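Novice: Got a file for you: query.pdb, PDB, C-alpha atoms and all ligand atoms.
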```
ATOM      1  CA  MET G 176     -61.714 -49.113  -9.855
ATOM      2  CA  ARG G 177     -62.462 -46.472  -7.240
ATOM      3  CA  ARG G 178     -65.799 -46.860  -5.450
ATOM      4  CA  HIS G 179     -67.744 -43.608  -5.284
ATOM      5  CA  LEU G 180     -68.201 -42.049  -1.866
ATOM      6  CA  MET G 181     -71.086 -39.825  -0.800
ATOM      7  CA  ALA G 182     -70.253 -38.159   2.486
ATOM      8  CA  GLY G 183     -72.810 -36.054   4.332
ATOM      9  CA  ASN G 184     -71.373 -33.232   6.409
ATOM     10  CA  TRP G 185     -74.293 -32.315   8.635
ATOM     11  CA  LYS G 186     -72.506 -29.271  10.095
ATOM     12  CA  LEU G 187     -75.084 -27.700  12.425
ATOM     13  CA  TYR G 188     -78.115 -28.556  10.294
ATOM     14  CA  ASN G 189     -79.469 -31.403  12.452
ATOM     15  CA  VAL G 190     -79.070 -30.291  16.025
ATOM     16  CA  THR G 191     -81.314 -32.446  18.211
ATOM     17  CA  ALA G 192     -81.241 -36.162  18.966
ATOM     18  CA  GLU G 193     -84.667 -36.561  17.399
ATOM     19  CA  GLU G 194     -83.646 -34.874  14.124
ATOM     20  CA  CYS G 195     -80.417 -36.852  13.891
ATOM     21  CA  GLU G 196     -82.083 -40.194  14.544
ATOM     22  CA  ARG G 197     -84.918 -39.525  12.102
ATOM     23  CA  GLU G 198     -82.737 -38.323   9.226
ATOM     24  CA  ALA G 199     -80.093 -41.031   9.738
ATOM     25  CA  LYS G 200     -82.759 -43.733   9.590
ATOM     26  CA  GLY G 201     -84.320 -42.150   6.511
ATOM     27  CA  ILE G 202     -80.964 -41.919   4.748
ATOM     28  CA  ALA G 203     -80.085 -45.521   5.638
ATOM     29  CA  GLU G 204     -83.395 -46.647   4.151
ATOM     30  CA  ALA G 205     -82.803 -44.640   0.967
ATOM     31  CA  ALA G 206     -79.240 -45.967   0.728
ATOM     32  CA  LYS G 207     -80.039 -49.632   1.165
ATOM     33  CA  ASP G 208     -79.355 -50.473  -2.490
ATOM     34  CA  ALA G 209     -76.694 -47.805  -3.016
ATOM     35  CA  VAL G 210     -73.724 -48.833  -5.127
ATOM     36  CA  CYS G 211     -71.622 -46.051  -3.634
ATOM     37  CA  GLU G 212     -70.284 -45.868  -0.099
ATOM     38  CA  VAL G 213     -72.352 -43.583   2.141
ATOM     39  CA  VAL G 214     -71.023 -41.767   5.208
ATOM     40  CA  LEU G 215     -72.782 -39.457   7.661
ATOM     41  CA  CYS G 216     -70.906 -36.923   9.777
ATOM     42  CA  PRO G 217     -73.277 -35.608  12.477
ATOM     43  CA  PRO G 218     -72.381 -33.076  15.165
ATOM     44  CA  PHE G 219     -70.203 -34.659  17.890
ATOM     45  CA  PRO G 220     -72.918 -34.977  20.573
ATOM     46  CA  PHE G 221     -74.999 -37.201  18.289
ATOM     47  CA  LEU G 222     -72.375 -39.641  17.014
ATOM     48  CA  SER G 223     -73.706 -42.434  19.235
ATOM     49  CA  ILE G 224     -77.304 -41.772  18.282
ATOM     50  CA  VAL G 225     -76.513 -41.865  14.572
ATOM     51  CA  LYS G 226     -74.306 -44.924  15.085
ATOM     52  CA  LYS G 227     -77.285 -46.740  16.599
ATOM     53  CA  ALA G 228     -79.672 -45.511  13.892
ATOM     54  CA  ILE G 229     -77.461 -46.873  11.090
ATOM     55  CA  GLU G 230     -76.564 -50.152  12.765
ATOM     56  CA  GLY G 231     -76.943 -53.081  10.389
ATOM     57  CA  THR G 232     -77.218 -50.789   7.343
ATOM     58  CA  ASN G 233     -74.559 -49.963   4.775
ATOM     59  CA  VAL G 234     -74.179 -46.365   5.992
ATOM     60  CA  LYS G 235     -70.955 -45.523   7.804
ATOM     61  CA  LEU G 236     -70.131 -43.031  10.516
ATOM     62  CA  GLY G 237     -67.772 -40.076  10.309
ATOM     63  CA  ALA G 238     -66.973 -37.057  12.471
ATOM     64  CA  GLN G 239     -66.696 -33.395  11.488
ATOM     65  CA  GLY G 240     -63.295 -32.896  13.061
ATOM     66  CA  VAL G 241     -60.662 -34.184  15.448
ATOM     67  CA  PHE G 242     -57.824 -32.912  17.627
ATOM     68  CA  TRP G 243     -54.241 -34.057  17.077
ATOM     69  CA  GLU G 244     -53.489 -35.005  20.669
ATOM     70  CA  GLU G 245     -54.973 -38.169  22.121
ATOM     71  CA  ARG G 246     -55.247 -37.054  25.751
ATOM     72  CA  GLY G 247     -54.427 -34.120  27.998
ATOM     73  CA  GLY G 248     -55.434 -30.623  28.995
ATOM     74  CA  PHE G 249     -57.250 -29.643  25.821
ATOM     75  CA  THR G 250     -60.674 -28.344  26.817
ATOM     76  CA  SER G 251     -63.417 -28.805  24.205
ATOM     77  CA  GLN G 252     -61.279 -30.828  21.808
ATOM     78  CA  VAL G 253     -62.122 -34.339  20.613
ATOM     79  CA  SER G 254     -59.555 -37.125  20.686
ATOM     80  CA  PRO G 255     -59.042 -39.457  17.717
ATOM     81  CA  LEU G 256     -59.272 -42.298  20.249
ATOM     82  CA  SER G 257     -62.783 -41.175  21.226
ATOM     83  CA  LEU G 258     -63.911 -41.085  17.600
ATOM     84  CA  LYS G 259     -62.552 -44.570  17.019
ATOM     85  CA  ASP G 260     -64.201 -45.807  20.202
ATOM     86  CA  LEU G 261     -67.548 -44.319  19.110
ATOM     87  CA  GLY G 262     -67.426 -46.255  15.853
ATOM     88  CA  CYS G 263     -66.278 -43.583  13.411
ATOM     89  CA  GLU G 264     -64.542 -44.763  10.283
ATOM     90  CA  TYR G 265     -64.020 -41.339   8.682
ATOM     91  CA  VAL G 266     -63.194 -37.843   9.872
ATOM     92  CA  ILE G 267     -63.372 -34.531   8.011
ATOM     93  CA  ILE G 268     -60.165 -32.500   8.398
ATOM     94  CA  GLY G 269     -59.373 -28.995   7.194
ATOM     95  CA  HIS G 270     -62.881 -27.982   6.217
ATOM     96  CA  SER G 271     -62.868 -24.347   5.137
ATOM     97  CA  GLU G 272     -65.259 -23.529   7.985
ATOM     98  CA  THR G 273     -62.693 -24.773  10.499
ATOM     99  CA  ARG G 274     -59.881 -23.093   8.579
ATOM    100  CA  GLY G 275     -61.769 -19.810   9.089
ATOM    101  CA  ARG G 276     -62.271 -19.419   5.363
ATOM    102  CA  PHE G 277     -66.016 -18.943   5.211
ATOM    103  CA  GLY G 278     -67.632 -18.507   1.808
ATOM    104  CA  VAL G 279     -70.492 -16.547   3.263
ATOM    105  CA  GLY G 280     -71.561 -15.744   6.776
ATOM    106  CA  SER G 281     -71.839 -13.237   9.507
ATOM    107  CA  VAL G 282     -68.470 -13.876  11.125
ATOM    108  CA  LYS G 283     -66.343 -10.760  11.391
ATOM    109  CA  GLU G 284     -62.814 -10.874  10.021
ATOM    110  CA  GLU G 285     -61.272 -10.533  13.504
ATOM    111  CA  LEU G 286     -63.235 -13.538  14.809
ATOM    112  CA  LEU G 287     -61.899 -15.860  12.118
ATOM    113  CA  PHE G 288     -58.816 -16.346  14.271
ATOM    114  CA  TYR G 289     -60.851 -18.593  16.558
ATOM    115  CA  PHE G 290     -61.474 -21.024  13.734
ATOM    116  CA  SER G 291     -57.926 -20.800  12.594
ATOM    117  CA  GLU G 292     -56.990 -24.281  11.583
ATOM    118  CA  SER G 293     -53.833 -23.951   9.494
ATOM    119  CA  ASP G 294     -52.063 -26.151   6.946
ATOM    120  CA  GLU G 295     -49.839 -27.247   9.812
ATOM    121  CA  THR G 296     -52.647 -28.244  12.195
ATOM    122  CA  VAL G 297     -54.462 -29.944   9.311
ATOM    123  CA  ASN G 298     -51.361 -32.061   8.795
ATOM    124  CA  LEU G 299     -51.075 -32.880  12.524
ATOM    125  CA  LYS G 300     -54.707 -33.975  12.509
ATOM    126  CA  VAL G 301     -54.242 -36.126   9.421
ATOM    127  CA  LEU G 302     -51.294 -37.899  11.043
ATOM    128  CA  SER G 303     -53.119 -38.429  14.314
ATOM    129  CA  ALA G 304     -56.297 -39.690  12.579
ATOM    130  CA  LEU G 305     -54.262 -42.200  10.571
ATOM    131  CA  LYS G 306     -52.496 -43.368  13.719
ATOM    132  CA  ALA G 307     -55.879 -44.029  15.342
ATOM    133  CA  GLY G 308     -57.079 -45.983  12.299
ATOM    134  CA  LEU G 309     -59.470 -43.278  11.051
ATOM    135  CA  LYS G 310     -59.784 -42.358   7.377
ATOM    136  CA  PRO G 311     -59.295 -38.610   6.884
ATOM    137  CA  ILE G 312     -61.437 -36.692   4.402
ATOM    138  CA  ILE G 313     -59.086 -33.767   3.776
ATOM    139  CA  CYS G 314     -60.705 -30.600   2.423
ATOM    140  CA  VAL G 315     -58.834 -28.214   0.156
ATOM    141  CA  GLY G 316     -59.988 -25.279  -1.927
ATOM    142  CA  GLU G 317     -59.430 -21.673  -2.853
ATOM    143  CA  THR G 318     -61.322 -18.564  -1.745
ATOM    144  CA  ILE G 319     -63.008 -16.258  -4.248
ATOM    145  CA  SER G 320     -60.187 -13.730  -4.074
ATOM    146  CA  GLU G 321     -57.629 -16.469  -4.726
ATOM    147  CA  ARG G 322     -59.620 -17.617  -7.751
ATOM    148  CA  LYS G 323     -59.974 -14.075  -9.063
ATOM    149  CA  ALA G 324     -56.210 -13.759  -8.809
ATOM    150  CA  GLY G 325     -55.854 -16.998 -10.811
ATOM    151  CA  LYS G 326     -54.145 -18.732  -7.883
ATOM    152  CA  GLN G 327     -56.481 -21.697  -7.460
ATOM    153  CA  ASP G 328     -54.137 -24.361  -8.880
ATOM    154  CA  GLU G 329     -51.228 -23.174  -6.785
ATOM    155  CA  ILE G 330     -53.292 -22.914  -3.569
ATOM    156  CA  VAL G 331     -54.890 -26.330  -3.963
ATOM    157  CA  SER G 332     -51.573 -28.064  -4.762
ATOM    158  CA  TYR G 333     -49.932 -26.401  -1.800
ATOM    159  CA  GLN G 334     -52.732 -27.428   0.580
ATOM    160  CA  VAL G 335     -52.550 -31.026  -0.649
ATOM    161  CA  GLU G 336     -48.794 -31.179  -0.223
ATOM    162  CA  ARG G 337     -48.889 -29.662   3.270
ATOM    163  CA  ALA G 338     -51.769 -31.873   4.432
ATOM    164  CA  LEU G 339     -49.932 -35.020   3.330
ATOM    165  CA  ALA G 340     -46.520 -34.102   4.750
ATOM    166  CA  ASN G 341     -44.891 -37.005   6.630
ATOM    167  CA  VAL G 342     -47.699 -39.389   5.673
ATOM    168  CA  GLY G 343     -46.212 -42.825   4.995
ATOM    169  CA  ASP G 344     -49.129 -44.556   3.319
ATOM    170  CA  ILE G 345     -52.094 -42.803   1.730
ATOM    171  CA  GLU G 346     -54.382 -45.816   1.832
ATOM    172  CA  GLY G 347     -57.812 -44.800   3.114
ATOM    173  CA  ILE G 348     -57.216 -41.078   2.706
ATOM    174  CA  VAL G 349     -59.877 -39.143   0.803
ATOM    175  CA  ILE G 350     -59.445 -35.604  -0.515
ATOM    176  CA  ALA G 351     -62.382 -33.271  -1.136
ATOM    177  CA  TYR G 352     -61.968 -30.330  -3.485
ATOM    178  CA  GLU G 353     -64.223 -27.684  -1.991
ATOM    179  CA  PRO G 354     -63.864 -24.210  -3.478
ATOM    180  CA  VAL G 355     -64.664 -21.932  -0.542
ATOM    181  CA  TRP G 356     -66.872 -19.654  -2.655
ATOM    182  CA  ALA G 357     -69.108 -22.628  -3.539
ATOM    183  CA  ILE G 358     -69.740 -23.796   0.012
ATOM    184  CA  GLY G 359     -73.210 -23.056   1.276
ATOM    185  CA  THR G 360     -73.707 -20.368  -1.362
ATOM    186  CA  GLY G 361     -75.802 -22.234  -3.932
ATOM    187  CA  GLU G 362     -73.138 -21.260  -6.478
ATOM    188  CA  PHE G 363     -71.509 -24.537  -7.478
ATOM    189  CA  CYS G 364     -68.303 -25.002  -9.437
ATOM    190  CA  ASP G 365     -68.551 -25.802 -13.126
ATOM    191  CA  PRO G 366     -68.246 -29.633 -13.256
ATOM    192  CA  ASP G 367     -65.543 -29.459 -15.963
ATOM    193  CA  GLU G 368     -63.511 -27.108 -13.810
ATOM    194  CA  ALA G 369     -64.006 -29.342 -10.730
ATOM    195  CA  ASN G 370     -62.875 -32.285 -12.871
ATOM    196  CA  ARG G 371     -59.785 -30.343 -13.967
ATOM    197  CA  ILE G 372     -58.796 -29.395 -10.425
ATOM    198  CA  ILE G 373     -59.365 -32.938  -9.199
ATOM    199  CA  ARG G 374     -57.058 -34.216 -11.957
ATOM    200  CA  LEU G 375     -54.506 -31.676 -10.801
ATOM    201  CA  ILE G 376     -54.861 -32.968  -7.223
ATOM    202  CA  ARG G 377     -54.355 -36.551  -8.397
ATOM    203  CA  ASN G 378     -51.264 -35.511 -10.341
ATOM    204  CA  LYS G 379     -49.893 -33.862  -7.219
ATOM    205  CA  VAL G 380     -50.552 -36.994  -5.171
ATOM    206  CA  ARG G 381     -48.888 -39.084  -7.905
ATOM    207  CA  GLU G 382     -45.853 -36.843  -7.737
ATOM    208  CA  LEU G 383     -45.656 -37.470  -3.986
ATOM    209  CA  PHE G 384     -46.778 -41.103  -3.675
ATOM    210  CA  GLY G 385     -46.530 -42.649  -7.137
ATOM    211  CA  ASP G 386     -49.164 -44.993  -8.533
ATOM    212  CA  LYS G 387     -50.986 -45.224  -5.188
ATOM    213  CA  ALA G 388     -52.619 -41.979  -6.336
ATOM    214  CA  GLU G 389     -54.838 -44.012  -8.662
ATOM    215  CA  GLU G 390     -56.586 -45.595  -5.672
ATOM    216  CA  MET G 391     -57.254 -42.368  -3.806
ATOM    217  CA  ARG G 392     -60.803 -41.077  -3.928
ATOM    218  CA  ILE G 393     -61.088 -37.374  -4.644
ATOM    219  CA  LEU G 394     -64.484 -35.786  -4.134
ATOM    220  CA  TYR G 395     -66.120 -32.535  -5.109
ATOM    221  CA  GLY G 396     -67.959 -30.445  -2.502
ATOM    222  CA  GLY G 397     -69.760 -27.089  -2.606
ATOM    223  CA  SER G 398     -73.508 -26.602  -3.107
ATOM    224  CA  VAL G 399     -74.064 -30.148  -4.336
ATOM    225  CA  ASP G 400     -77.777 -30.924  -4.506
ATOM    226  CA  PRO G 401     -80.180 -33.375  -6.165
ATOM    227  CA  GLY G 402     -80.346 -31.111  -9.220
ATOM    228  CA  ASN G 403     -76.630 -30.957  -9.992
ATOM    229  CA  ILE G 404     -75.141 -34.157  -8.521
ATOM    230  CA  LYS G 405     -75.400 -36.066 -11.807
ATOM    231  CA  SER G 406     -73.347 -33.503 -13.697
ATOM    232  CA  PHE G 407     -70.482 -34.003 -11.225
ATOM    233  CA  MET G 408     -70.688 -37.780 -11.043
ATOM    234  CA  GLU G 409     -70.491 -38.039 -14.823
ATOM    235  CA  LYS G 410     -66.961 -36.661 -14.747
ATOM    236  CA  GLU G 411     -64.264 -39.290 -14.846
ATOM    237  CA  GLU G 412     -62.006 -37.779 -12.176
ATOM    238  CA  ILE G 413     -64.720 -37.092  -9.592
ATOM    239  CA  ASP G 414     -65.109 -40.009  -7.187
ATOM    240  CA  GLY G 415     -68.039 -38.763  -5.150
ATOM    241  CA  ALA G 416     -69.204 -35.753  -3.191
ATOM    242  CA  LEU G 417     -68.932 -34.117   0.188
ATOM    243  CA  VAL G 418     -72.388 -32.690   0.687
ATOM    244  CA  GLY G 419     -73.383 -30.142   3.328
ATOM    245  CA  ARG G 420     -76.854 -28.653   3.419
ATOM    246  CA  ALA G 421     -78.418 -31.195   1.050
ATOM    247  CA  SER G 422     -77.146 -34.108   3.163
ATOM    248  CA  ALA G 423     -79.039 -33.166   6.297
ATOM    249  CA  LYS G 424     -82.435 -34.366   5.109
ATOM    250  CA  ALA G 425     -83.184 -37.881   3.929
ATOM    251  CA  GLU G 426     -85.413 -36.454   1.236
ATOM    252  CA  SER G 427     -82.538 -34.692  -0.543
ATOM    253  CA  PHE G 428     -79.525 -36.831   0.400
ATOM    254  CA  GLY G 429     -81.384 -40.036  -0.357
TER     255      GLY G 429
HETATM  256  P1  LIG X   1     -72.699 -27.301   1.053
HETATM  257  O1  LIG X   1     -71.434 -27.679   1.964
HETATM  258  O2  LIG X   1     -73.061 -28.577   0.313
HETATM  259  O3  LIG X   1     -73.751 -26.877   2.021
HETATM  260  O4  LIG X   1     -72.269 -26.243   0.129
HETATM  261  C1  LIG X   1     -70.434 -28.548   1.498
HETATM  262  C2  LIG X   1     -69.373 -28.693   2.548
HETATM  263  O5  LIG X   1     -69.066 -27.688   3.195
HETATM  264  O6  LIG X   1     -68.817 -29.772   2.762
END
```
Mind turning the file's structure into structure tokens?

Specialist:
Amino acid sequence: MRRHLMAGNWKLYNVTAEECEREAKGIAEAAKDAVCEVVLCPPFPFLSIVKKAIEGTNVKLGAQGVFWEERGGFTSQVSPLSLKDLGCEYVIIGHSETRGRFGVGSVKEELLFYFSESDETVNLKVLSALKAGLKPIICVGETISERKAGKQDEIVSYQVERALANVGDIEGIVIAYEPVWAIGTGEFCDPDEANRIIRLIRNKVRELFGDKAEEMRILYGGSVDPGNIKSFMEKEEIDGALVGRASAKAESFG
């Protein structure tokens, strides 16, 4: 039986120490009787503050990203060893916003290069996170043009396969199906369709890793909020959610 996971990707929604501490404490209070696992992924500078705020509660700490090298001349990057040392258990890898595949936003096409995480770097990060003892939450999902072209199944399967290349054991790995067009747009995926794609992801993982696929948690993400969460959690294939905007405030994430 897979335990549901609710992961909060705070992105840049809580951006001061005071906000992070307040919301983390509020969420921990709301989650004290939660049957699901709860994870918060604050911005890097506030990992320690959130760690302290959730101490002794059942909320766990995650980071929004990681670099694949442990040490060296890599200005601005964050080592998997640092995340482990700071008490992170999870790390988000391959989010569409770090793959430069924004659903909405003001970023010009030519600037997307600077966020250009690729299937290859996603894979390097997955391998390095696993080596450090971190649990990757790997994001996959199609853009609106890919969906309009009917390519969503192909794209998602390909991303899953590439992200898991050279992985020996998938224990601890979480996948989040996040259609890019549903992220931060308020336009969420039909729960039956999310369920279908998540089944497809599990079938792909089964093809690659056999029955271990049954233990892997596969989440839905993209405009999840208090009004629609139930309709996703009712679906048999969906093992939880990766929540952005609605996770930043205790009132909604709680
Ligand atoms: P959203 O973000 O809930 O704000 O759509 C989800 C995500 O990007 O993980």

Novice: Residue by residue, what does the PyMOL selection byres (((chain G and resi 176) around 12) and not hetatm) grab here? Present the result as a ChimeraX atom specification.

Specialist: /G:177-179,389-392,411-412,414

Novice: Mind giving me the axis-aligned box for ligand LIG 1 (chain X) with 3 Å on every side, centre plus edges in Å to one decimal, as AutoDock Vina command-line options?

Specialist:
```
--center_x -71.3 --center_y -28.0 --center_z 1.7 --size_x 10.9 --size_y 9.5 --size_z 9.1
```

Novice: Written as a list in words, what is the full residue list that the PyMOL selection byres (((chain G and resi 316) around 6) and not hetatm) yields on the file shown?

Specialist: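 With the shown file as input, the PyMOL selection byres (((chain G and resi 316) around 6) and not hetatm) matches Val315, Glu317, Val331, Tyr352, Glu353, Pro354 and Val355 of chain G.
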
Novice: Please determine, counting all atoms listed in the file, which residue among G:Val225, G:Leu256, G:Ile350, G:Ala307 has the shortest atom-to-atom distance to G:Gly269.

Specialist: G:Ile350

Novice: Using all atoms listed in the file, find each residue with an atom at most 10 Å away from ligand LIG 1 (chain X) and format the answer as a PyMOL selection string.

Specialist: chain G and resi 182-186+188+239+267+270-272+277-278+314+351-363+395-400+416-423

Novice: Would you pick out the contacts of G:Arg197 at 10 Å or less, using all atoms listed in the file, so that residues sharing its chain but fewer than 3 positions from it are not included, and give the list as a list in words?

Specialist: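 So the residues in contact are Asn189, Ala192, Glu193, Glu194, Lys200, Gly201, Ile202, Val225, Ala228, Lys424 and Ala425 of chain G.
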
Novice: Here is a test: counting all atoms listed in the file, which residue of G:Ile312, G:Ala209, G:Ala324, G:Val241 is nearest to G:Ile393?

Specialist: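 Using all atoms listed in the file, G:Ile393 sits closest to G:Ile312.
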
Novice: Tell me, in Å to one decimal, how far atom CA of G:Val349 is from atom CA of G:Ala304.

Specialist: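 Going from atom CA of G:Val349 over to atom CA of G:Ala304 covers 12.3 Å.
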
Novice: Using Å and a single decimal, report how far atom CA of G:Lys259 sits from atom CA of G:Trp243.

Specialist: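 Interatomic distance here is 13.4 Å.
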
Novice: Looking at G:Lys235, G:Lys227, G:Lys306, G:Arg276, which one is nearest to G:Val342, with distances taken over only C-alpha atoms?

Specialist: G:Lys306

Novice: By how many Å are atom CA of G:Asp365 and atom CA of G:Gly240 apart?

Specialist: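 Calculated distance between atom CA of G:Asp365 and atom CA of G:Gly240 is 27.6 Å.
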
Novice: Measuring between all atoms listed in the file, which one of G:Ser332, G:Ser223, G:Asn403, G:Ser291 shows the shortest distance to G:Arg377?

Specialist: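 Going through G:Ser332, G:Ser223, G:Asn403, G:Ser291 one by one, the smallest distance to G:Arg377 is for G:Ser332.
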
Novice: Applied to this file, what does the PyMOL selection byres (((chain G and resi 380) around 10) and not hetatm) return in terms of residues, put as a list of chain:residue names?

Specialist: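 That expression, the PyMOL selection byres (((chain G and resi 380) around 10) and not hetatm), corresponds here to G:Ser332, G:Val335, G:Glu336, G:Leu339, G:Ile345, G:Arg374, G:Leu375, G:Ile376, G:Arg377, G:Asn378, G:Lys379, G:Arg381, G:Glu382, G:Leu383, G:Phe384, G:Gly385, G:Asp386, G:Lys387, G:Ala388, G:Glu389, G:Met391.
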
Novice: Can I get the selected residues back with C-alpha atoms, as an mmCIF file, keeping the file's coordinate frame?

Specialist:
```
data_model
loop_
_atom_site.group_PDB
_atom_site.id
_atom_site.type_symbol
_atom_site.label_atom_id
_atom_site.label_comp_id
_atom_site.auth_asym_id
_atom_site.auth_seq_id
_atom_site.Cartn_x
_atom_site.Cartn_y
_atom_site.Cartn_z
ATOM 1 C CA SER G 332 -51.573 -28.064 -4.762
ATOM 2 C CA VAL G 335 -52.550 -31.026 -0.649
ATOM 3 C CA GLU G 336 -48.794 -31.179 -0.223
ATOM 4 C CA LEU G 339 -49.932 -35.020 3.330
ATOM 5 C CA ILE G 345 -52.094 -42.803 1.730
ATOM 6 C CA ARG G 374 -57.058 -34.216 -11.957
ATOM 7 C CA LEU G 375 -54.506 -31.676 -10.801
ATOM 8 C CA ILE G 376 -54.861 -32.968 -7.223
ATOM 9 C CA ARG G 377 -54.355 -36.551 -8.397
ATOM 10 C CA ASN G 378 -51.264 -35.511 -10.341
ATOM 11 C CA LYS G 379 -49.893 -33.862 -7.219
ATOM 12 C CA ARG G 381 -48.888 -39.084 -7.905
ATOM 13 C CA GLU G 382 -45.853 -36.843 -7.737
ATOM 14 C CA LEU G 383 -45.656 -37.470 -3.986
ATOM 15 C CA PHE G 384 -46.778 -41.103 -3.675
ATOM 16 C CA GLY G 385 -46.530 -42.649 -7.137
ATOM 17 C CA ASP G 386 -49.164 -44.993 -8.533
ATOM 18 C CA LYS G 387 -50.986 -45.224 -5.188
ATOM 19 C CA ALA G 388 -52.619 -41.979 -6.336
ATOM 20 C CA GLU G 389 -54.838 -44.012 -8.662
ATOM 21 C CA MET G 391 -57.254 -42.368 -3.806
#
```

Novice: Name the residues in contact with stretch 252-255 of chain G at a cut-off of 10 Å, using all atoms listed in the file, excluding same-chain residues fewer than 4 positions from it; report them as a PDB file with C-alpha atoms, keeping the file's coordinate frame.

Specialist:
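Wrote selection_19.pdb, looks like this:
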```pdb
ATOM      1  CA  PHE G 219     -70.203 -34.659  17.890  1.00  0.00           C
ATOM      2  CA  ALA G 238     -66.973 -37.057  12.471  1.00  0.00           C
ATOM      3  CA  GLY G 240     -63.295 -32.896  13.061  1.00  0.00           C
ATOM      4  CA  VAL G 241     -60.662 -34.184  15.448  1.00  0.00           C
ATOM      5  CA  PHE G 242     -57.824 -32.912  17.627  1.00  0.00           C
ATOM      6  CA  TRP G 243     -54.241 -34.057  17.077  1.00  0.00           C
ATOM      7  CA  GLU G 244     -53.489 -35.005  20.669  1.00  0.00           C
ATOM      8  CA  GLU G 245     -54.973 -38.169  22.121  1.00  0.00           C
ATOM      9  CA  ARG G 246     -55.247 -37.054  25.751  1.00  0.00           C
ATOM     10  CA  GLY G 247     -54.427 -34.120  27.998  1.00  0.00           C
ATOM     11  CA  GLY G 248     -55.434 -30.623  28.995  1.00  0.00           C
ATOM     12  CA  LYS G 259     -62.552 -44.570  17.019  1.00  0.00           C
ATOM     13  CA  ASP G 260     -64.201 -45.807  20.202  1.00  0.00           C
ATOM     14  CA  LEU G 261     -67.548 -44.319  19.110  1.00  0.00           C
ATOM     15  CA  CYS G 263     -66.278 -43.583  13.411  1.00  0.00           C
ATOM     16  CA  VAL G 266     -63.194 -37.843   9.872  1.00  0.00           C
ATOM     17  CA  LYS G 300     -54.707 -33.975  12.509  1.00  0.00           C
ATOM     18  CA  SER G 303     -53.119 -38.429  14.314  1.00  0.00           C
ATOM     19  CA  ALA G 304     -56.297 -39.690  12.579  1.00  0.00           C
ATOM     20  CA  LEU G 305     -54.262 -42.200  10.571  1.00  0.00           C
ATOM     21  CA  LYS G 306     -52.496 -43.368  13.719  1.00  0.00           C
ATOM     22  CA  ALA G 307     -55.879 -44.029  15.342  1.00  0.00           C
ATOM     23  CA  GLY G 308     -57.079 -45.983  12.299  1.00  0.00           C
ATOM     24  CA  LEU G 309     -59.470 -43.278  11.051  1.00  0.00           C
TER      25      LEU G 309
END
```

Novice: Starting from the incomplete input, reconstruct N, CA and C atoms of stretch 329-341 of chain G and report them as a CSV table (one decimal), keeping the file's coordinate frame.

Specialist:
```
chain,number,residue,atom,x,y,z
G,329,GLU,N,-52.4,-23.3,-7.7
G,329,GLU,CA,-51.2,-23.2,-6.8
G,329,GLU,C,-51.7,-23.4,-5.3
G,330,ILE,N,-52.8,-22.8,-4.9
G,330,ILE,CA,-53.3,-22.9,-3.6
G,330,ILE,C,-53.7,-24.4,-3.3
G,331,VAL,N,-54.4,-25.0,-4.2
G,331,VAL,CA,-54.9,-26.3,-4.0
G,331,VAL,C,-53.7,-27.3,-3.9
G,332,SER,N,-52.7,-27.2,-4.8
G,332,SER,CA,-51.6,-28.1,-4.8
G,332,SER,C,-50.8,-27.9,-3.5
G,333,TYR,N,-50.7,-26.7,-3.0
G,333,TYR,CA,-49.9,-26.4,-1.8
G,333,TYR,C,-50.7,-27.0,-0.6
G,334,GLN,N,-52.0,-26.9,-0.5
G,334,GLN,CA,-52.7,-27.4,0.6
G,334,GLN,C,-52.6,-29.0,0.6
G,335,VAL,N,-52.7,-29.6,-0.6
G,335,VAL,CA,-52.6,-31.0,-0.6
G,335,VAL,C,-51.2,-31.5,-0.1
G,336,GLU,N,-50.2,-30.8,-0.6
G,336,GLU,CA,-48.8,-31.2,-0.2
G,336,GLU,C,-48.6,-31.0,1.3
G,337,ARG,N,-49.1,-29.9,1.8
G,337,ARG,CA,-48.9,-29.7,3.3
G,337,ARG,C,-49.7,-30.7,4.1
G,338,ALA,N,-50.9,-30.9,3.7
G,338,ALA,CA,-51.8,-31.9,4.4
G,338,ALA,C,-51.2,-33.3,4.5
G,339,LEU,N,-50.5,-33.7,3.4
G,339,LEU,CA,-49.9,-35.0,3.3
G,339,LEU,C,-48.5,-35.1,3.8
G,340,ALA,N,-47.9,-34.1,4.3
G,340,ALA,CA,-46.5,-34.1,4.8
G,340,ALA,C,-46.3,-35.2,5.8
G,341,ASN,N,-45.3,-35.9,5.7
G,341,ASN,CA,-44.9,-37.0,6.6
G,341,ASN,C,-45.9,-38.2,6.7
```
